[in-house]
$ cat query-v4.tsv   # TSV, C-alpha atoms
chain	number	residue	atom	x	y	z
A	1	MET	CA	20.85	-13.14	13.85
A	2	SER	CA	17.96	-12.05	11.61
A	3	GLU	CA	15.22	-9.87	12.99
A	4	HIS	CA	12.14	-11.81	14.05
A	5	LYS	CA	9.06	-10.94	12.00
A	6	LYS	CA	5.60	-11.03	13.55
A	7	TYR	CA	3.95	-12.86	10.64
A	8	LYS	CA	5.16	-15.79	8.57
A	9	LEU	CA	3.48	-15.12	5.21
A	10	GLY	CA	2.34	-11.80	3.84
A	11	VAL	CA	0.59	-11.07	0.54
A	12	ALA	CA	0.69	-7.65	-1.15
A	13	LEU	CA	-1.90	-6.90	-3.85
A	14	SER	CA	-1.42	-4.04	-6.33
A	15	GLY	CA	-3.95	-1.67	-7.80
A	16	GLY	CA	-5.37	-2.25	-11.26
A	17	GLY	CA	-9.13	-1.68	-11.40
A	18	ALA	CA	-11.07	-4.64	-12.83
A	19	ARG	CA	-7.73	-6.35	-13.43
A	20	GLY	CA	-7.70	-6.72	-9.65
A	21	PHE	CA	-9.83	-9.84	-10.08
A	22	ALA	CA	-6.54	-11.53	-10.98
A	23	HIS	CA	-5.78	-11.26	-7.25
A	24	VAL	CA	-8.64	-13.69	-6.63
A	25	GLY	CA	-6.94	-16.22	-8.89
A	26	ALA	CA	-3.60	-15.53	-7.23
A	27	LEU	CA	-5.07	-16.25	-3.79
A	28	MET	CA	-6.67	-19.42	-5.15
A	29	ALA	CA	-3.22	-20.61	-6.24
A	30	ILE	CA	-1.67	-19.63	-2.92
A	31	GLU	CA	-4.29	-21.63	-1.02
A	32	GLU	CA	-3.97	-24.56	-3.42
A	33	ALA	CA	-0.24	-24.56	-2.73
A	34	GLY	CA	-1.04	-25.22	0.92
A	35	LEU	CA	-0.26	-21.66	2.03
A	36	LYS	CA	-2.37	-19.19	3.97
A	37	PRO	CA	-1.62	-15.46	4.34
A	38	ASP	CA	-1.08	-14.31	7.93
A	39	ILE	CA	-1.23	-10.66	6.88
A	40	ILE	CA	-2.49	-8.98	3.72
A	41	ALA	CA	-2.10	-5.55	2.15
A	42	GLY	CA	-3.78	-3.96	-0.83
A	43	VAL	CA	-3.91	-0.80	-2.88
A	44	SER	CA	-7.00	0.30	-4.81
A	45	ALA	CA	-8.50	-2.86	-6.37
A	46	GLY	CA	-6.07	-4.84	-4.25
A	47	SER	CA	-7.55	-3.29	-1.13
A	48	VAL	CA	-11.03	-4.46	-2.18
A	49	VAL	CA	-9.89	-8.06	-2.65
A	50	ALA	CA	-7.91	-7.87	0.60
A	51	VAL	CA	-10.97	-6.73	2.57
A	52	LEU	CA	-13.24	-9.35	1.01
A	53	TYR	CA	-10.73	-12.13	1.61
A	54	ALA	CA	-9.93	-11.03	5.16
A	55	SER	CA	-13.66	-11.08	5.98
A	56	GLY	CA	-13.69	-14.82	5.41
A	57	MET	CA	-15.62	-14.71	2.16
A	58	PRO	CA	-14.68	-17.84	0.15
A	59	LEU	CA	-12.68	-17.13	-3.00
A	60	PRO	CA	-15.24	-18.77	-5.32
A	61	GLU	CA	-17.85	-16.35	-3.97
A	62	ILE	CA	-15.57	-13.36	-4.43
A	63	ALA	CA	-15.04	-14.54	-8.01
A	64	THR	CA	-18.77	-14.29	-8.75
A	65	LEU	CA	-19.61	-11.30	-6.55
A	66	PHE	CA	-19.68	-8.90	-9.49
A	67	ASP	CA	-21.50	-11.15	-11.94
A	68	ASN	CA	-24.10	-9.20	-13.96
A	69	LYS	CA	-22.72	-5.93	-12.59
A	70	GLY	CA	-21.36	-2.97	-14.52
A	71	PHE	CA	-19.40	0.16	-13.71
A	72	SER	CA	-22.60	2.23	-13.59
A	73	ASP	CA	-23.97	0.03	-10.78
A	74	PHE	CA	-21.34	1.37	-8.39
A	75	VAL	CA	-20.96	5.08	-9.15
A	76	ASN	CA	-22.99	8.27	-9.21
A	77	MET	CA	-22.18	11.43	-11.12
A	78	SER	CA	-21.15	14.01	-8.55
A	79	MET	CA	-19.52	16.98	-10.22
A	80	GLY	CA	-17.44	19.17	-7.97
A	81	ASN	CA	-15.65	18.50	-4.69
A	82	GLY	CA	-12.56	17.37	-6.58
A	83	GLY	CA	-14.02	14.62	-8.76
A	84	LEU	CA	-16.53	13.66	-11.42
A	85	MET	CA	-18.10	10.74	-9.57
A	86	SER	CA	-18.83	9.30	-6.16
A	87	ILE	CA	-18.19	5.64	-5.27
A	88	ASP	CA	-20.46	5.61	-2.22
A	89	LYS	CA	-22.62	2.91	-3.84
A	90	PHE	CA	-19.55	0.73	-4.33
A	91	LYS	CA	-18.50	1.21	-0.73
A	92	LYS	CA	-21.99	0.25	0.46
A	93	PHE	CA	-22.00	-2.84	-1.75
A	94	ILE	CA	-18.70	-4.13	-0.33
A	95	LEU	CA	-19.73	-3.45	3.28
A	96	GLN	CA	-23.05	-5.25	2.76
A	97	SER	CA	-21.23	-8.17	1.15
A	98	ILE	CA	-18.79	-8.72	4.03
A	99	SER	CA	-21.53	-8.27	6.63
A	100	ARG	CA	-22.69	-11.79	5.77
A	101	TYR	CA	-19.50	-13.12	7.34
A	102	GLY	CA	-19.30	-11.08	10.49
A	103	SER	CA	-19.84	-7.75	12.18
A	104	PHE	CA	-17.02	-5.86	10.50
A	105	LYS	CA	-16.85	-2.12	11.08
A	106	ASN	CA	-13.14	-1.42	11.37
A	107	LEU	CA	-10.10	-2.91	9.65
A	108	GLU	CA	-8.95	-4.40	12.93
A	109	ASP	CA	-12.20	-6.41	13.11
A	110	LEU	CA	-11.30	-8.48	10.04
A	111	ASN	CA	-10.12	-12.07	10.40
A	112	ILE	CA	-6.68	-11.36	8.90
A	113	PRO	CA	-4.59	-8.26	9.71
A	114	THR	CA	-5.32	-5.99	6.76
A	115	TYR	CA	-3.37	-2.94	5.58
A	116	ILE	CA	-4.59	-0.49	2.94
A	117	GLY	CA	-2.44	1.91	0.95
A	118	ALA	CA	-3.65	5.38	-0.05
A	119	THR	CA	-2.21	8.76	-0.99
A	120	ASP	CA	-2.37	11.73	1.35
A	121	ILE	CA	-2.89	14.39	-1.30
A	122	ASP	CA	-2.72	17.28	1.17
A	123	ASN	CA	0.84	16.45	2.20
A	124	GLY	CA	1.94	14.60	-0.92
A	125	ILE	CA	2.92	11.36	0.81
A	126	ALA	CA	2.03	7.69	0.67
A	127	ALA	CA	-0.18	6.62	3.57
A	128	GLU	CA	-1.40	3.36	5.07
A	129	PHE	CA	-4.35	2.34	7.18
A	130	HIS	CA	-4.59	-0.72	9.39
A	131	SER	CA	-7.34	0.44	11.75
A	132	GLY	CA	-10.51	2.49	11.59
A	133	PRO	CA	-13.68	2.29	9.47
A	134	ILE	CA	-13.26	-0.08	6.54
A	135	GLY	CA	-15.48	1.69	4.02
A	136	GLU	CA	-13.81	5.10	4.08
A	137	ARG	CA	-10.29	3.67	3.97
A	138	MET	CA	-11.04	1.31	1.11
A	139	ALA	CA	-12.83	4.08	-0.80
A	140	ALA	CA	-9.84	6.39	-0.30
A	141	SER	CA	-7.51	3.75	-1.71
A	142	CYS	CA	-9.75	3.39	-4.79
A	143	SER	CA	-10.37	7.08	-5.50
A	144	ILE	CA	-8.57	7.63	-8.80
A	145	PRO	CA	-7.89	11.39	-9.07
A	146	ILE	CA	-10.23	13.47	-11.22
A	147	ILE	CA	-12.58	10.54	-11.80
A	148	PHE	CA	-13.53	10.06	-8.15
A	149	LYS	CA	-13.80	12.54	-5.32
A	150	PRO	CA	-11.06	12.45	-2.69
A	151	VAL	CA	-12.06	10.90	0.62
A	152	ARG	CA	-11.60	13.04	3.70
A	153	ILE	CA	-10.45	11.16	6.80
A	154	ASP	CA	-9.59	12.94	10.04
A	155	GLY	CA	-9.32	16.25	8.20
A	156	ILE	CA	-7.00	14.98	5.45
A	157	ASN	CA	-7.89	14.36	1.79
A	158	TYR	CA	-6.89	10.97	0.40
A	159	VAL	CA	-6.87	9.61	-3.14
A	160	ASP	CA	-5.91	6.34	-4.82
A	161	GLY	CA	-2.79	4.74	-3.38
A	162	GLY	CA	-1.50	4.06	-6.88
A	163	VAL	CA	-0.61	7.72	-7.34
A	164	LEU	CA	2.57	7.25	-5.29
A	165	ARG	CA	2.78	3.53	-4.39
A	166	ASN	CA	0.66	1.23	-6.53
A	167	HIS	CA	2.10	-1.83	-4.83
A	168	PRO	CA	1.79	-2.15	-1.02
A	169	ALA	CA	4.90	-4.24	-0.33
A	170	TRP	CA	6.40	-1.27	1.52
A	171	ILE	CA	3.60	-1.40	4.08
A	172	ILE	CA	4.16	-4.94	5.35
A	173	ARG	CA	7.69	-5.88	4.24
A	174	ASP	CA	9.05	-5.49	7.77
A	175	LYS	CA	6.18	-7.46	9.29
A	176	CYS	CA	6.48	-10.85	7.56
A	177	GLU	CA	9.17	-13.44	6.93
A	178	LEU	CA	7.98	-14.30	3.41
A	179	LEU	CA	6.28	-11.75	1.18
A	180	ILE	CA	4.42	-12.64	-2.02
A	181	GLY	CA	3.55	-9.66	-4.19
A	182	VAL	CA	1.07	-9.69	-7.07
A	183	ASN	CA	1.15	-6.93	-9.68
A	184	VAL	CA	-1.89	-6.85	-11.98
A	185	SER	CA	-1.25	-3.41	-13.42
A	186	PRO	CA	0.91	-3.69	-16.57
A	187	MET	CA	0.97	-0.60	-18.74
A	188	ARG	CA	-1.85	-0.30	-21.28
A	189	HIS	CA	-1.34	1.65	-24.49
A	190	PRO	CA	-4.25	4.01	-25.19
A	191	GLY	CA	-6.14	4.15	-28.45
A	192	LYS	CA	-6.12	7.10	-30.83
A	193	LYS	CA	-9.39	8.54	-29.58
A	194	LEU	CA	-9.10	9.70	-25.99
A	195	SER	CA	-11.99	10.72	-23.77
A	196	LEU	CA	-11.54	12.67	-20.56
A	197	ILE	CA	-11.71	9.39	-18.67
A	198	ASP	CA	-9.08	7.87	-20.98
A	199	VAL	CA	-6.68	10.74	-20.34
A	200	ALA	CA	-7.18	10.46	-16.58
A	201	MET	CA	-6.62	6.70	-16.68
A	202	CYS	CA	-3.54	6.92	-18.90
A	203	THR	CA	-2.05	9.48	-16.53
A	204	TYR	CA	-2.85	7.27	-13.55
A	205	ASN	CA	-1.35	4.21	-15.28
A	206	LEU	CA	1.87	6.06	-16.03
A	207	MET	CA	2.21	7.07	-12.38
A	208	ALA	CA	1.49	3.54	-11.23
A	209	LYS	CA	3.97	1.98	-13.64
A	210	SER	CA	6.74	4.34	-12.59
A	211	ASN	CA	6.39	3.69	-8.87
A	212	GLN	CA	5.65	-0.01	-8.50
A	213	ALA	CA	9.04	-1.49	-9.47
A	214	ILE	CA	10.67	-0.67	-6.15
A	215	ASP	CA	7.92	-2.47	-4.23
A	216	MET	CA	8.00	-5.48	-6.51
A	217	ALA	CA	11.71	-5.78	-5.77
A	218	MET	CA	10.95	-5.90	-2.02
A	219	CYS	CA	8.99	-9.14	-2.40
A	220	ASP	CA	10.48	-12.58	-1.97
A	221	LEU	CA	8.22	-13.72	-4.79
A	222	SER	CA	6.79	-11.24	-7.29
A	223	VAL	CA	4.00	-12.28	-9.67
A	224	GLN	CA	2.94	-10.34	-12.77
A	225	THR	CA	0.09	-10.74	-15.27
A	226	PRO	CA	1.41	-9.10	-18.47
A	227	GLU	CA	-1.43	-10.17	-20.77
A	228	LEU	CA	-3.88	-8.08	-18.75
A	229	SER	CA	-2.46	-4.86	-20.19
A	230	SER	CA	-5.29	-4.83	-22.75
A	231	HIS	CA	-8.01	-5.21	-20.12
A	232	LYS	CA	-9.64	-1.88	-19.30
A	233	VAL	CA	-9.68	-0.68	-15.71
A	234	PHE	CA	-13.47	-0.42	-15.46
A	235	ASP	CA	-14.38	-3.43	-17.62
A	236	LEU	CA	-16.24	-6.01	-15.52
A	237	LYS	CA	-16.67	-8.39	-18.46
A	238	ASN	CA	-14.51	-11.47	-18.99
A	239	ILE	CA	-13.72	-11.57	-15.29
A	240	LYS	CA	-13.19	-15.34	-15.45
A	241	ALA	CA	-10.28	-14.83	-17.85
A	242	VAL	CA	-8.76	-12.23	-15.52
A	243	ILE	CA	-9.05	-14.58	-12.54
A	244	THR	CA	-7.51	-17.41	-14.57
A	245	SER	CA	-4.56	-15.19	-15.48
A	246	GLY	CA	-3.84	-14.49	-11.81
A	247	TYR	CA	-4.12	-18.17	-10.96
A	248	ILE	CA	-1.86	-19.44	-13.76
A	249	HIS	CA	0.94	-16.94	-13.18
A	250	THR	CA	0.89	-17.35	-9.41
A	251	ARG	CA	0.78	-21.15	-9.62
A	252	ARG	CA	3.77	-21.14	-11.96
A	253	ALA	CA	5.72	-18.71	-9.77
A	254	LEU	CA	5.05	-20.72	-6.62
A	255	LYS	CA	6.18	-23.94	-8.28
A	256	ASP	CA	9.31	-22.31	-9.71
A	257	ALA	CA	10.15	-21.00	-6.22
A	258	GLY	CA	9.66	-24.40	-4.62
A	259	LEU	CA	6.72	-23.17	-2.54
A	260	TRP	CA	4.12	-25.56	-3.93
A	261	LYS	CA	3.18	-27.96	-1.13
A	262	SER	CA	0.18	-29.50	-2.85
A	263	ASN	CA	0.41	-32.96	-4.41
A	264	SER	CA	-1.23	-31.67	-7.60
$ encode --input "query-v4.tsv" --output "structure tokens"
Amino acid sequence: MSEHKKYKLGVALSGGGARGFAHVGALMAIEEAGLKPDIIAGVSAGSVVAVLYASGMPLPEIATLFDNKGFSDFVNMSMGNGGLMSIDKFKKFILQSISRYGSFKNLEDLNIPTYIGATDIDNGIAAEFHSGPIGERMAASCSIPIIFKPVRIDGINYVDGGVLRNHPAWIIRDKCELLIGVNVSPMRHPGKKLSLIDVAMCTYNLMAKSNQAIDMAMCDLSVQTPELSSHKVFDLKNIKAVITSGYIHTRRALKDAGLWKSNS
């Protein structure tokens, strides 16, 4: 007899920076298929979409949340303390955005059980959060090493979850009967001229690529968006195309797997 899982459908969203908007399209396809996640997990950009979605914010609103915004709107230069920049402005923006849908302080306050992957850099292990203040945990999951300062939680320094596990399937695999995973972080080949940021991002991408295959294999359905490899991590332009990519690939995968319940 198979082990009973607490949740029927789980969705695991990878890291990928601005490519994470493809997760919005993926969730649109999942909903259109007549499905609804009972539990959701995210790493880095995936954690942002997971938090927004679990707050009850409609997907069309999430899709336009960053319209007319740029990378500089969400960061401050903050040399020292382990990073070049601070993402406190970004954290504040997300918390203010979800406050329109409820009084959300901790992860356990969200409407859908939400798990966030991060990296415990002090002990060199993958870590997950499913309770406690949303802002700090989401920021920790998004803190790409060197570029952003580590986030200290309960005396431990955390950085981007993609360093060790860029795909959070491992966090919720044992909690749901059916697990859909979405990977929006294909490898991008750098140009000839490399800035400090480029080197940091290429290094991060190599780590993410090398560790996400095992988690993709854990999923009952694994979706990828290969054409997004050319989309830069911090590029908030052409978001509609990124969202469309997530939608198209997820819709196709759901139909191929026989999970499309819609009449369309």
$ atom_distance --input "query-v4.tsv" --atom1 "CA of Pro58 (chain A)" --atom2 "CA of His23 (chain A)"
13.3 Å
$ closest_residue --input "query-v4.tsv" --among "A:Ile144, A:Leu95, A:Val24, A:Ile180" --to "His167 (chain A)" --atoms "all atoms listed in the file"
A:Ile180
$ closest_residue --input "query-v4.tsv" --among "A:Gly56, A:Gly181, A:Pro133, A:Gly82" --to "Tyr101 (chain A)" --atoms "all atoms listed in the file"
A:Gly56
$ closest_residue --input "query-v4.tsv" --among "A:Lys232, A:Lys91, A:Arg173, A:Arg251" --to "Val51 (chain A)" --atoms "all atoms listed in the file"
A:Lys91
$ atom_distance --input "query-v4.tsv" --atom1 "CA of Leu9 (chain A)" --atom2 "CA of Lys36 (chain A)"
7.2 Å
$ closest_residue --input "query-v4.tsv" --among "A:Phe71, A:Ala45, A:Phe90, A:Gly162" --to "Asp235 (chain A)" --atoms "only C-alpha atoms"
A:Phe71
